[in-house]
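Engineer: What follows is run_15.tsv, made up of TSV, C-alpha atoms and all ligand atoms:
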chain	number	residue	atom	x	y	z
A	1477	MET	CA	11.22	3.85	-18.75
A	1478	SER	CA	10.95	2.39	-22.24
A	1479	SER	CA	7.85	2.50	-24.37
A	1480	THR	CA	7.10	-1.05	-23.21
A	1481	ASP	CA	7.09	0.18	-19.64
A	1482	SER	CA	3.83	1.96	-20.27
A	1483	SER	CA	1.87	-1.31	-20.48
A	1484	ASN	CA	0.95	-1.20	-16.81
A	1485	ARG	CA	0.64	2.52	-16.41
A	1486	GLY	CA	-2.67	3.36	-14.77
A	1487	ALA	CA	-2.57	0.08	-12.93
A	1488	ALA	CA	-0.98	1.87	-10.01
A	1489	ALA	CA	-4.04	3.95	-9.27
A	1490	GLN	CA	-6.37	1.01	-9.84
A	1491	GLU	CA	-4.45	-1.37	-7.62
A	1492	ALA	CA	-3.99	1.21	-4.96
A	1493	THR	CA	-7.76	1.52	-4.71
A	1494	GLN	CA	-7.86	-2.16	-3.86
A	1495	ALA	CA	-5.32	-1.85	-1.07
A	1496	THR	CA	-6.41	-3.07	2.31
A	1497	ASP	CA	-7.38	-0.79	5.18
A	1498	ALA	CA	-4.20	-1.87	6.89
A	1499	ALA	CA	-2.10	-0.65	4.02
A	1500	THR	CA	-4.03	2.58	3.87
A	1501	ASP	CA	-3.54	3.15	7.56
A	1502	ALA	CA	0.13	2.51	7.41
A	1503	ALA	CA	0.62	4.54	4.30
A	1504	THR	CA	1.14	8.09	5.37
A	1505	ASN	CA	1.95	10.41	8.17
A	1506	SER	CA	-0.40	13.04	6.81
A	1507	PRO	CA	-3.42	14.12	8.87
A	1508	ALA	CA	-5.33	11.15	7.46
A	1509	ALA	CA	-2.63	8.76	8.53
A	1510	GLY	CA	-2.97	6.34	11.36
A	1511	THR	CA	-6.73	6.80	11.63
A	1512	THR	CA	-7.58	3.17	11.02
A	1513	THR	CA	-6.27	0.05	12.69
A	1514	PRO	CA	-4.48	-2.79	10.88
A	1515	THR	CA	-6.79	-5.56	9.64
A	1516	PRO	CA	-6.51	-8.23	12.35
A	1517	SER	CA	-4.96	-11.48	11.21
A	1518	ALA	CA	-4.69	-14.57	13.32
A	1519	ASP	CA	-1.45	-15.50	11.62
A	1520	ILE	CA	0.53	-12.28	11.44
A	1521	VAL	CA	1.85	-10.23	14.34
A	1522	GLU	CA	1.79	-6.54	13.43
A	1523	VAL	CA	4.78	-4.56	14.69
A	1524	ALA	CA	5.67	-0.86	14.51
A	1525	ALA	CA	9.40	-0.04	14.61
A	1526	ALA	CA	11.34	3.21	14.68
A	1527	VAL	CA	14.45	3.99	12.67
A	1528	ILE	CA	15.57	6.90	14.82
A	1529	LEU	CA	17.93	9.17	12.89
A	1530	ARG	CA	20.22	11.94	14.07
A	1531	THR	CA	23.09	14.00	12.73
A	1532	ASN	CA	26.13	13.74	14.97
A	1533	SER	CA	28.52	16.56	15.86
A	1534	ALA	CA	30.70	15.72	12.82
A	1535	GLY	CA	27.70	16.13	10.49
A	1536	ALA	CA	27.33	12.38	9.86
A	1537	ARG	CA	24.01	10.55	9.85
A	1538	GLU	CA	23.46	7.91	12.52
A	1539	PHE	CA	20.64	5.56	13.46
A	1540	LEU	CA	19.78	3.91	16.77
A	1541	LEU	CA	19.74	0.21	17.57
A	1542	ALA	CA	18.73	-1.15	20.96
A	1543	GLN	CA	19.45	-4.50	22.60
A	1544	ARG	CA	16.55	-6.77	23.51
A	1545	PRO	CA	16.54	-7.52	27.25
A	1546	PRO	CA	16.70	-10.94	28.93
A	1547	GLY	CA	13.36	-12.76	29.03
A	1548	LYS	CA	12.21	-11.76	25.54
A	1549	VAL	CA	12.46	-13.97	22.45
A	1550	TYR	CA	15.77	-13.22	20.73
A	1551	ALA	CA	17.12	-11.73	23.97
A	1552	GLY	CA	20.47	-10.01	23.40
A	1553	TYR	CA	19.71	-9.31	19.72
A	1554	TRP	CA	19.80	-5.72	18.48
A	1555	GLU	CA	16.66	-4.16	17.04
A	1556	PHE	CA	14.99	-0.92	16.10
A	1557	PRO	CA	12.92	0.23	19.09
A	1558	GLY	CA	9.22	-0.60	18.78
A	1559	GLY	CA	6.87	-3.47	19.42
A	1560	LYS	CA	3.58	-5.15	18.77
A	1561	VAL	CA	0.51	-3.18	17.78
A	1562	GLU	CA	-2.16	-3.53	20.45
A	1563	PRO	CA	-5.84	-4.15	19.59
A	1564	GLY	CA	-7.56	-0.96	18.38
A	1565	GLU	CA	-4.29	0.89	17.85
A	1566	THR	CA	-3.09	2.39	14.59
A	1567	MET	CA	0.48	1.76	13.51
A	1568	ARG	CA	1.45	5.31	14.41
A	1569	GLN	CA	-0.23	5.12	17.82
A	1570	ALA	CA	1.68	1.90	18.51
A	1571	LEU	CA	4.94	3.55	17.49
A	1572	ASP	CA	4.31	6.56	19.72
A	1573	ARG	CA	3.33	4.38	22.70
A	1574	GLU	CA	6.31	2.04	22.31
A	1575	LEU	CA	8.80	4.89	22.19
A	1576	VAL	CA	7.36	6.42	25.36
A	1577	GLU	CA	7.48	3.04	27.11
A	1578	GLU	CA	10.87	1.91	25.83
A	1579	LEU	CA	12.87	5.12	25.46
A	1580	GLY	CA	10.91	7.79	27.32
A	1581	ILE	CA	10.61	10.02	24.26
A	1582	GLU	CA	7.66	11.67	22.55
A	1583	VAL	CA	7.84	11.38	18.78
A	1584	THR	CA	7.19	14.70	17.05
A	1585	GLN	CA	8.04	13.72	13.49
A	1586	ALA	CA	7.83	10.27	11.87
A	1587	THR	CA	7.41	9.25	8.26
A	1588	PRO	CA	6.31	5.79	7.12
A	1589	TRP	CA	9.01	3.87	5.29
A	1590	LEU	CA	9.24	0.12	4.58
A	1591	THR	CA	7.06	-2.84	5.50
A	1592	ARG	CA	8.77	-6.15	5.95
A	1593	GLU	CA	7.27	-9.57	6.60
A	1594	PHE	CA	9.42	-12.23	8.18
A	1595	VAL	CA	8.77	-15.76	9.38
A	1596	TYR	CA	10.37	-16.57	12.74
A	1597	PRO	CA	9.98	-19.91	14.53
A	1598	HIS	CA	7.91	-18.10	17.17
A	1599	ALA	CA	5.75	-15.97	14.84
A	1600	THR	CA	5.25	-14.43	11.44
A	1601	VAL	CA	5.71	-10.70	11.84
A	1602	ARG	CA	4.82	-7.75	9.63
A	1603	ILE	CA	6.97	-4.83	10.69
A	1604	ARG	CA	6.07	-1.30	9.66
A	1605	PHE	CA	9.22	0.81	9.82
A	1606	PHE	CA	8.97	4.55	10.38
A	1607	ARG	CA	11.81	7.02	10.08
A	1608	VAL	CA	11.82	9.16	13.21
A	1609	GLU	CA	13.71	12.42	12.86
A	1610	ALA	CA	12.40	14.53	15.74
A	1611	TRP	CA	11.32	13.84	19.30
A	1612	ARG	CA	10.99	15.43	22.73
A	1613	GLY	CA	12.98	14.17	25.70
A	1614	GLY	CA	16.25	12.33	26.16
A	1615	ILE	CA	16.56	8.73	25.02
A	1616	ALA	CA	16.79	6.45	28.07
A	1617	PRO	CA	17.25	2.67	28.30
A	1618	ILE	CA	13.95	1.96	30.09
A	1619	GLU	CA	13.36	-1.53	28.68
A	1620	HIS	CA	16.46	-2.33	26.63
A	1621	SER	CA	19.85	-3.63	27.82
A	1622	GLY	CA	21.79	-1.10	25.78
A	1623	PHE	CA	21.88	1.37	22.89
A	1624	ALA	CA	24.21	1.96	19.96
A	1625	TRP	CA	24.29	4.70	17.32
A	1626	LEU	CA	25.40	3.27	13.97
A	1627	THR	CA	26.55	4.85	10.72
A	1628	PRO	CA	24.72	3.63	7.58
A	1629	GLY	CA	27.06	1.48	5.48
A	1630	ALA	CA	29.74	1.11	8.17
A	1631	PRO	CA	30.42	-2.26	9.80
A	1632	SER	CA	28.13	-2.72	12.79
A	1633	PRO	CA	29.84	-2.42	16.19
A	1634	VAL	CA	27.07	-4.56	17.72
A	1635	GLU	CA	25.73	-8.02	17.00
A	1636	PRO	CA	23.71	-10.10	16.52
A	1637	ILE	CA	21.04	-8.01	14.83
A	1638	LEU	CA	17.50	-9.43	14.47
A	1639	PRO	CA	17.50	-11.49	11.27
A	1640	ALA	CA	14.59	-9.58	9.69
A	1641	ASN	CA	16.58	-6.36	9.76
A	1642	GLY	CA	19.36	-6.99	7.21
A	1643	PRO	CA	17.55	-5.36	4.26
A	1644	ILE	CA	16.62	-2.42	6.47
A	1645	LEU	CA	20.27	-1.72	7.22
A	1646	ARG	CA	21.06	-1.84	3.48
A	1647	ALA	CA	18.15	0.47	2.68
A	1648	LEU	CA	19.57	2.99	5.15
A	1649	GLU	CA	22.56	3.39	2.82
A	1650	LEU	CA	20.38	4.79	0.04
A	1651	PRO	CA	20.25	8.56	-0.48
A	1652	ALA	CA	17.12	10.68	-0.86
A	1653	ARG	CA	17.69	11.65	-4.49
A	1654	LEU	CA	17.98	9.73	-7.73
A	1655	LEU	CA	19.01	11.83	-10.74
A	1656	ILE	CA	18.12	10.50	-14.21
A	1657	THR	CA	20.00	11.60	-17.31
A	1658	ASN	CA	18.19	13.39	-20.10
A	1659	ALA	CA	20.75	13.74	-22.88
A	1660	ALA	CA	17.93	13.40	-25.39
A	1661	GLU	CA	16.95	16.97	-24.50
A	1662	ASN	CA	20.27	18.35	-23.29
A	1663	SER	CA	22.88	16.54	-25.45
A	1664	VAL	CA	25.61	14.36	-23.98
A	1665	ASP	CA	27.94	17.28	-23.33
A	1666	GLY	CA	25.11	19.37	-21.93
A	1667	GLU	CA	24.14	16.57	-19.61
A	1668	LEU	CA	27.68	16.00	-18.36
A	1669	ALA	CA	28.01	19.72	-17.71
A	1670	ARG	CA	24.68	19.74	-15.83
A	1671	LEU	CA	25.85	16.83	-13.68
A	1672	ALA	CA	29.24	18.42	-12.99
A	1673	ARG	CA	27.44	21.58	-11.85
A	1674	ALA	CA	24.91	19.67	-9.75
A	1675	LEU	CA	27.50	17.53	-7.98
A	1676	GLY	CA	29.83	20.50	-7.50
A	1677	ASP	CA	27.05	22.66	-6.10
A	1678	ARG	CA	25.92	19.85	-3.90
A	1679	SER	CA	29.40	19.32	-2.45
A	1680	ALA	CA	30.13	23.00	-1.98
A	1681	ALA	CA	26.78	23.95	-0.52
A	1682	THR	CA	26.41	20.99	1.76
A	1683	ALA	CA	29.94	19.87	2.53
A	1684	SER	CA	29.03	19.24	6.14
A	1685	ALA	CA	25.43	18.25	5.67
A	1686	HIS	CA	24.66	14.59	6.06
A	1687	GLU	CA	22.55	13.76	3.04
A	1688	GLY	CA	23.23	16.66	0.73
A	1689	ARG	CA	26.13	15.12	-1.13
A	1690	ALA	CA	24.80	11.65	-1.66
A	1691	CYS	CA	22.73	10.72	-4.70
A	1692	LEU	CA	22.20	7.97	-7.22
A	1693	VAL	CA	22.54	8.74	-10.92
A	1694	GLN	CA	20.76	6.60	-13.48
A	1695	VAL	CA	22.05	6.74	-17.04
A	1696	ARG	CA	18.82	6.33	-19.01
A	1697	ASP	CA	18.82	7.78	-22.55
A	1698	LYS	CA	18.05	4.49	-24.20
A	1699	GLU	CA	17.59	6.01	-27.62
A	1700	LEU	CA	21.13	7.37	-27.91
A	1701	PRO	CA	23.46	5.78	-30.49
A	1702	ALA	CA	25.67	3.20	-28.73
A	1703	ALA	CA	28.89	5.21	-28.93
A	1704	GLU	CA	27.19	8.32	-27.50
A	1705	ARG	CA	25.58	6.33	-24.72
A	1706	GLN	CA	28.96	4.83	-23.88
A	1707	ARG	CA	30.46	8.32	-23.75
A	1708	LEU	CA	27.65	9.55	-21.52
A	1709	ALA	CA	27.93	6.55	-19.18
A	1710	ALA	CA	31.73	6.80	-18.92
A	1711	GLY	CA	31.50	10.54	-18.31
A	1712	VAL	CA	28.88	10.11	-15.58
A	1713	VAL	CA	30.96	7.45	-13.82
A	1714	ALA	CA	34.08	9.66	-14.03
A	1715	LEU	CA	32.18	12.57	-12.45
A	1716	ALA	CA	30.68	10.35	-9.77
A	1717	ARG	CA	34.12	9.13	-8.74
A	1718	GLN	CA	35.13	12.70	-7.89
A	1719	HIS	CA	32.41	12.93	-5.23
A	1720	SER	CA	31.80	10.66	-2.27
A	1721	GLY	CA	28.34	9.18	-1.91
A	1722	VAL	CA	27.49	9.31	-5.63
A	1723	ARG	CA	26.67	5.95	-7.23
A	1724	VAL	CA	25.81	5.26	-10.87
A	1725	LEU	CA	23.38	2.76	-12.37
A	1726	ILE	CA	22.97	2.02	-16.06
A	1727	ASN	CA	19.47	1.43	-17.38
A	1728	ASP	CA	18.94	-1.89	-19.16
A	1729	ASP	CA	22.50	-2.60	-20.30
A	1730	ALA	CA	24.58	-4.75	-17.95
A	1731	ALA	CA	27.44	-4.99	-20.44
A	1732	LEU	CA	27.72	-1.22	-20.65
A	1733	ALA	CA	27.46	-0.98	-16.84
A	1734	ARG	CA	30.37	-3.38	-16.53
A	1735	SER	CA	32.48	-1.73	-19.22
A	1736	VAL	CA	32.27	1.71	-17.59
A	1737	GLY	CA	32.63	0.40	-14.03
A	1738	ALA	CA	29.17	1.52	-12.89
A	1739	ASP	CA	27.94	0.65	-9.41
A	1740	GLY	CA	24.76	-0.94	-10.57
A	1741	ALA	CA	22.11	-1.83	-13.09
A	1742	HIS	CA	18.58	-0.52	-13.44
A	1743	LEU	CA	15.84	-2.82	-14.75
A	1744	PRO	CA	12.99	-1.39	-16.82
A	1745	ALA	CA	9.60	-2.96	-16.04
A	1746	ALA	CA	9.60	-5.12	-19.18
A	1747	ARG	CA	12.92	-6.66	-18.16
A	1748	LEU	CA	11.64	-7.16	-14.62
A	1749	LEU	CA	8.61	-9.10	-15.83
A	1750	ALA	CA	10.50	-11.36	-18.23
A	1751	LYS	CA	10.08	-15.02	-17.32
A	1752	ASP	CA	13.80	-15.62	-17.08
A	1753	ALA	CA	14.54	-12.44	-15.11
A	1754	VAL	CA	17.22	-12.67	-12.43
A	1755	ARG	CA	18.90	-10.03	-10.35
A	1756	PRO	CA	21.86	-8.69	-12.35
A	1757	ASP	CA	25.17	-9.34	-10.62
A	1758	PHE	CA	25.89	-5.81	-9.34
A	1759	PRO	CA	26.16	-4.39	-5.84
A	1760	LEU	CA	23.20	-2.11	-6.54
A	1761	VAL	CA	20.10	-2.94	-8.57
A	1762	GLY	CA	17.03	-0.76	-9.10
A	1763	ALA	CA	13.81	-1.38	-11.00
A	1764	SER	CA	11.15	0.74	-12.70
A	1765	CYS	CA	7.68	-0.11	-11.43
A	1766	HIS	CA	4.16	1.13	-12.10
A	1767	SER	CA	2.01	-1.33	-10.15
A	1768	ALA	CA	1.83	-3.53	-7.08
A	1769	ALA	CA	2.64	-6.56	-9.23
A	1770	GLU	CA	5.84	-4.96	-10.51
A	1771	LEU	CA	6.83	-3.87	-7.02
A	1772	ALA	CA	6.30	-7.41	-5.78
A	1773	ARG	CA	8.40	-8.77	-8.63
A	1774	ALA	CA	11.20	-6.32	-7.90
A	1775	ALA	CA	11.23	-7.46	-4.28
A	1776	GLU	CA	11.15	-11.12	-5.33
A	1777	LEU	CA	14.18	-10.63	-7.58
A	1778	GLY	CA	16.09	-9.05	-4.72
A	1779	CYS	CA	16.32	-5.54	-6.14
A	1780	ASP	CA	17.63	-2.93	-3.73
A	1781	PHE	CA	15.04	-0.30	-4.56
A	1782	ALA	CA	12.23	0.57	-6.93
A	1783	VAL	CA	11.27	3.70	-8.79
A	1784	LEU	CA	7.47	4.10	-8.88
A	1785	GLY	CA	5.56	6.41	-11.15
A	1786	PRO	CA	4.49	8.49	-12.76
A	1787	VAL	CA	3.13	10.10	-9.61
A	1788	LEU	CA	2.39	13.47	-11.21
A	1789	PRO	CA	2.01	14.31	-14.91
A	1790	THR	CA	5.32	14.45	-16.77
A	1791	PRO	CA	6.33	15.32	-20.34
A	1792	THR	CA	8.22	12.00	-20.51
A	1793	HIS	CA	4.87	10.19	-20.46
A	1794	SER	CA	2.39	12.82	-21.58
A	1795	GLU	CA	-0.28	10.16	-22.04
A	1796	ALA	CA	-0.34	9.37	-18.31
A	1797	ALA	CA	-2.09	11.51	-15.70
A	1798	GLY	CA	-0.02	10.24	-12.80
A	1799	CYS	CA	-1.32	8.07	-9.98
A	1800	GLY	CA	-1.19	10.86	-7.37
A	1801	TRP	CA	0.26	10.84	-3.87
A	1802	GLU	CA	-2.44	8.81	-2.12
A	1803	ALA	CA	-2.15	5.93	-4.58
A	1804	PHE	CA	1.62	6.14	-4.32
A	1805	ALA	CA	1.37	5.96	-0.52
A	1806	GLN	CA	-0.88	2.92	-0.61
A	1807	LEU	CA	1.48	1.04	-2.89
A	1808	ALA	CA	4.55	2.10	-0.92
A	1809	ALA	CA	2.92	0.98	2.33
A	1810	ARG	CA	2.91	-2.62	1.16
A	1811	SER	CA	6.43	-2.66	-0.22
A	1812	PRO	CA	9.50	-4.11	1.48
A	1813	LEU	CA	11.65	-2.09	-0.93
A	1814	PRO	CA	12.62	1.57	-0.60
A	1815	ILE	CA	10.78	3.48	-3.33
A	1816	TYR	CA	11.67	6.67	-5.18
A	1817	ALA	CA	8.72	8.72	-6.42
A	1818	LEU	CA	9.03	9.51	-10.14
A	1819	GLY	CA	7.13	11.79	-12.48
A	1820	GLY	CA	6.86	15.56	-12.23
A	1821	MET	CA	9.22	15.66	-9.23
A	1822	ARG	CA	11.01	18.80	-8.13
A	1823	GLU	CA	13.42	19.31	-5.25
A	1824	GLU	CA	10.80	20.95	-3.04
A	1825	MET	CA	8.61	17.82	-3.23
A	1826	LEU	CA	11.03	15.68	-1.22
A	1827	ALA	CA	9.25	16.17	2.10
A	1828	THR	CA	5.87	15.38	0.53
A	1829	ALA	CA	7.30	12.22	-1.03
A	1830	CYS	CA	8.75	11.07	2.30
A	1831	ALA	CA	5.48	11.83	4.09
A	1832	HIS	CA	3.85	9.40	1.66
A	1833	GLY	CA	6.31	6.60	2.38
A	1834	ALA	CA	8.99	7.29	-0.25
A	1835	GLN	CA	12.70	6.74	0.15
A	1836	GLY	CA	13.06	9.93	-1.83
A	1837	ILE	CA	12.49	11.45	-5.26
A	1838	ALA	CA	13.68	10.54	-8.77
A	1839	LEU	CA	14.26	13.62	-10.94
A	1840	MET	CA	14.87	13.85	-14.67
A	1841	ARG	CA	14.17	17.45	-15.61
A	1842	GLY	CA	14.01	18.68	-12.03
A	1843	TRP	CA	17.64	18.42	-11.04
A	1844	GLY	CA	20.68	20.63	-11.63
B	1	LIG	N1	10.76	-3.86	17.84
B	1	LIG	C1	11.28	-4.56	16.85
B	1	LIG	N2	10.83	-5.81	16.56
B	1	LIG	C2	11.40	-6.45	15.54
B	1	LIG	C3	12.42	-5.85	14.75
B	1	LIG	N3	12.82	-6.75	13.80
B	1	LIG	C4	12.10	-7.89	14.00
B	1	LIG	O1	12.20	-8.91	13.37
B	1	LIG	N4	11.21	-7.70	15.05
B	1	LIG	C5	10.30	-8.73	15.53
B	1	LIG	C6	10.77	-9.40	16.79
B	1	LIG	C7	9.47	-9.78	17.48
B	1	LIG	O2	9.04	-11.03	16.96
B	1	LIG	C8	8.51	-8.70	17.02
B	1	LIG	C9	8.36	-7.60	18.03
B	1	LIG	O3	7.86	-8.12	19.18
B	1	LIG	P1	8.31	-7.69	20.66
B	1	LIG	O4	8.29	-8.89	21.49
B	1	LIG	O5	9.56	-6.92	20.63
B	1	LIG	O6	7.12	-6.73	20.99
B	1	LIG	P2	6.83	-5.90	22.31
B	1	LIG	O7	7.88	-4.85	22.49
B	1	LIG	O8	5.42	-5.43	22.14
B	1	LIG	O9	7.09	-6.92	23.46
B	1	LIG	P3	6.12	-7.64	24.51
B	1	LIG	O10	5.53	-6.55	25.32
B	1	LIG	O11	5.13	-8.41	23.73
B	1	LIG	O12	7.09	-8.51	25.26
B	1	LIG	O13	9.03	-8.17	15.81
B	1	LIG	C10	12.88	-4.57	15.07
B	1	LIG	O14	13.78	-4.02	14.46
B	1	LIG	N5	12.27	-3.95	16.12
As structure tokens, please, write out the structure in this file.
Ligand SMILES: Nc1nc2c([nH]c(=O)n2[C@H]2C[C@H](O)[C@@H](COP(=O)(O)OP(=O)(O)OP(=O)(O)O)O2)c(=O)[nH]1
Structural biologist:
Amino acid sequence: MSSTDSSNRGAAAQEATQATDAATDAATNSPAAGTTTPTPSADIVEVAAAVILRTNSAGAREFLLAQRPPGKVYAGYWEFPGGKVEPGETMRQALDRELVEELGIEVTQATPWLTREFVYPHATVRIRFFRVEAWRGGIAPIEHSGFAWLTPGAPSPVEPILPANGPILRALELPARLLITNAAENSVDGELARLARALGDRSAATASAHEGRACLVQVRDKELPAAERQRLAAGVVALARQHSGVRVLINDDAALARSVGADGAHLPAARLLAKDAVRPDFPLVGASCHSAAELARAAELGCDFAVLGPVLPTPTHSEAAGCGWEAFAQLAARSPLPIYALGGMREEMLATACAHGAQGIALMRGWG
């Protein structure tokens, strides 16, 4: 984040306090989660849906889609299992009930993920997606016409898929970790060596593990002289190309991103809020956010993900206390975008971040 990014810092905690009960309820899977019901709205149908994830025998990640049966709206379309929240139910209770009714399984681990609103001819729906990684019982087609296990990023073997779900399928391609360069402290050569080690270790240690290899790398280091930044960016892209599942974004410099063949661009908050802001023309675009307004803007521009922080105190922004996990969760609960938690992150905080609705963690000093 640039110095201008700090203008809204602190707003995160403040805005989170104003979040609705519904958002609070949907925010986390911690003991406090799911203890309140969504705020009823005559106009919006609340839905809980499960992105059920497994690792197949080849070590690849897969998710489950199910086909809507005859007699329902959008019969024959493929969806994530789930359904409408009944009066008095929390989001999590609705999820648990639906998966018993539809699949015959008891959910034992679910983390809140994205919330997506979509206007259909028959209704406006607000779908709270949970990632479900553990359950009891065998999945059975009790209510659906069929099942399919899909690989994130691979062409879908089934269609049509419910129209609201396109962004969800794209979000499933994102990894759990975003590494941010810190050549200002480590030097360009030091940083390239750290990345080579990190990617090498990652590949070697987790060659068969589903998510271990994949990560995003953001070339930040905005203060570097242009030639050094170019060398860093080119070096990071060259390293990334030696490892599958590693994609590189350049912070705030589309021309540099193009010249080094990066996968994407990353927008600092000031750029995001500019009146003439548009989504840069890259396959992958991220944005730095510190408030609900910035998250909403990132979604409006069609960014693929946001980085939200600082969550915990960090030397990068020593003036900021960090919004804390509960505020993070409340902001994440309202976002249609996958969000990486930033600020004071370390590898062992990944599970905590996910329990509070994060896509994963963004690390600057805490990687390698
Ligand atoms: N379950 C589910 N619903 C989705 C997804 N994507 C999406 O747009 N929706 C929409 C379709 C429907 O308008 C709404 C879910 O309503 P539903 O009719 O399936 O709910 P239900 O299982 O409670 O069904 P019913 O008892 O009312 O017949 O959310 C998805 O991935 N999963």
Engineer: What are the closest atom pairs, with distances in Å to one decimal, for all residues of chain A lying within 7 Å of ligand LIG 1 (chain B)? Consider only C-alpha atoms and all ligand atoms, order rows by chain and residue number, and present the result as JSON lines.
Structural biologist:
{"residue": "A:Val1523", "atom": "CA", "partner": "B:LIG1", "partner_atom": "O13", "distance": 5.7}
{"residue": "A:Ala1524", "atom": "CA", "partner": "B:LIG1", "partner_atom": "N1", "distance": 6.8}
{"residue": "A:Ala1525", "atom": "CA", "partner": "B:LIG1", "partner_atom": "N5", "distance": 5.1}
{"residue": "A:Lys1548", "atom": "CA", "partner": "B:LIG1", "partner_atom": "O12", "distance": 6.1}
{"residue": "A:Val1549", "atom": "CA", "partner": "B:LIG1", "partner_atom": "O4", "distance": 6.6}
{"residue": "A:Glu1555", "atom": "CA", "partner": "B:LIG1", "partner_atom": "O14", "distance": 3.9}
{"residue": "A:Phe1556", "atom": "CA", "partner": "B:LIG1", "partner_atom": "O14", "distance": 3.7}
{"residue": "A:Pro1557", "atom": "CA", "partner": "B:LIG1", "partner_atom": "N1", "distance": 4.8}
{"residue": "A:Gly1558", "atom": "CA", "partner": "B:LIG1", "partner_atom": "N1", "distance": 3.7}
{"residue": "A:Gly1559", "atom": "CA", "partner": "B:LIG1", "partner_atom": "O7", "distance": 3.5}
{"residue": "A:Lys1560", "atom": "CA", "partner": "B:LIG1", "partner_atom": "O8", "distance": 3.8}
{"residue": "A:Val1561", "atom": "CA", "partner": "B:LIG1", "partner_atom": "O8", "distance": 6.9}
{"residue": "A:Phe1594", "atom": "CA", "partner": "B:LIG1", "partner_atom": "O1", "distance": 6.8}
{"residue": "A:Ala1599", "atom": "CA", "partner": "B:LIG1", "partner_atom": "O2", "distance": 6.3}
{"residue": "A:Val1601", "atom": "CA", "partner": "B:LIG1", "partner_atom": "O13", "distance": 5.8}
{"residue": "A:Ile1603", "atom": "CA", "partner": "B:LIG1", "partner_atom": "O13", "distance": 6.5}
{"residue": "A:Leu1638", "atom": "CA", "partner": "B:LIG1", "partner_atom": "N3", "distance": 5.4}
{"residue": "A:Pro1639", "atom": "CA", "partner": "B:LIG1", "partner_atom": "O1", "distance": 6.3}
{"residue": "A:Ala1640", "atom": "CA", "partner": "B:LIG1", "partner_atom": "O1", "distance": 4.4}
{"residue": "A:Asn1641", "atom": "CA", "partner": "B:LIG1", "partner_atom": "N3", "distance": 5.5}
Engineer: Can you tell me, as an mmCIF file with C-alpha atoms, in the coordinates of the input, what residues are no more than 9 Å from Val1754 (chain A) when counting only C-alpha atoms, ignoring any on the same chain fewer than 6 positions away?
Structural biologist:
data_model
loop_
_atom_site.group_PDB
_atom_site.id
_atom_site.type_symbol
_atom_site.label_atom_id
_atom_site.label_comp_id
_atom_site.auth_asym_id
_atom_site.auth_seq_id
_atom_site.Cartn_x
_atom_site.Cartn_y
_atom_site.Cartn_z
ATOM 1 C CA LEU A 1748 11.640 -7.160 -14.620
ATOM 2 C CA LEU A 1777 14.180 -10.630 -7.580
ATOM 3 C CA GLY A 1778 16.090 -9.050 -4.720
#
Engineer: Nearest to Cys1830 (chain A) among A:Ile1520, A:Ala1731, A:Ala1586, A:Leu1708, with distances taken over only C-alpha atoms: which residue is it?
Structural biologist: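 Looking at the shortest contact to Cys1830 (chain A), the residue is A:Ala1586.
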Engineer: Neighbours of region 1831-1836 of chain A within 8 Å (all atoms listed in the file; same-chain residues fewer than 4 positions away dropped), as a count of residues only?
Structural biologist: 25
Engineer: Closest to Thr1591 (chain A) among A:Ala1710, A:Ile1644, A:Ala1716, A:Cys1691, using only C-alpha atoms?
Structural biologist: A:Ile1644
Engineer: Kindly compute an axis-aligned box around the listed atoms of region 1610-1629 of chain A, allowing 5 Å on each side, and express its centre and edge lengths in Å to one decimal as JSON.
Structural biologist:
{"center_x": 19.0, "center_y": 5.9, "center_z": 17.8, "size_x": 26.1, "size_y": 29.1, "size_z": 34.6}
Engineer: For Lys1698 (chain A), please output as a PyMOL selection string all residues within 12 Å (counting only C-alpha atoms; exclusion window: fewer than 4 positions along the same chain).
Structural biologist: chain A and resi 1477-1479+1656-1660+1694+1702-1706+1708-1709+1726-1729+1732+1742+1744
Engineer: For Ala1616 (chain A), which residue among A:Leu1771, A:Leu1655, A:Ile1637, A:Leu1575 is the nearest when counting only C-alpha atoms?
Structural biologist: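 Under the stated criterion, the closest residue is A:Leu1575.
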Engineer: Could you tell me how far CA of Asp1519 (chain A) sits from CA of Pro1597 (chain A), in Å to one decimal place?
Structural biologist: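 CA of Asp1519 (chain A) lies at a distance of 12.6 Å from CA of Pro1597 (chain A).
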Engineer: Just give me the gap between CA of Tyr1550 (chain A) and CA of Leu1626 (chain A) in Å, one decimal is fine.
Structural biologist: 20.3 Å
Engineer: I need every residue sitting at most 12 Å from the point (23.5, 6.5, 6.3) (coordinates as in the file, all atoms listed in the file considered), written as an MDAnalysis selection string.
Structural biologist: chainID A and resid 1527:1532 1535:1540 1625:1631 1644:1652 1685:1691 1721
Engineer: Please indicate the distance in Å from CA of Gly1737 (chain A) to CA of Met1821 (chain A), rounded to one decimal place.
Structural biologist: 28.4 Å
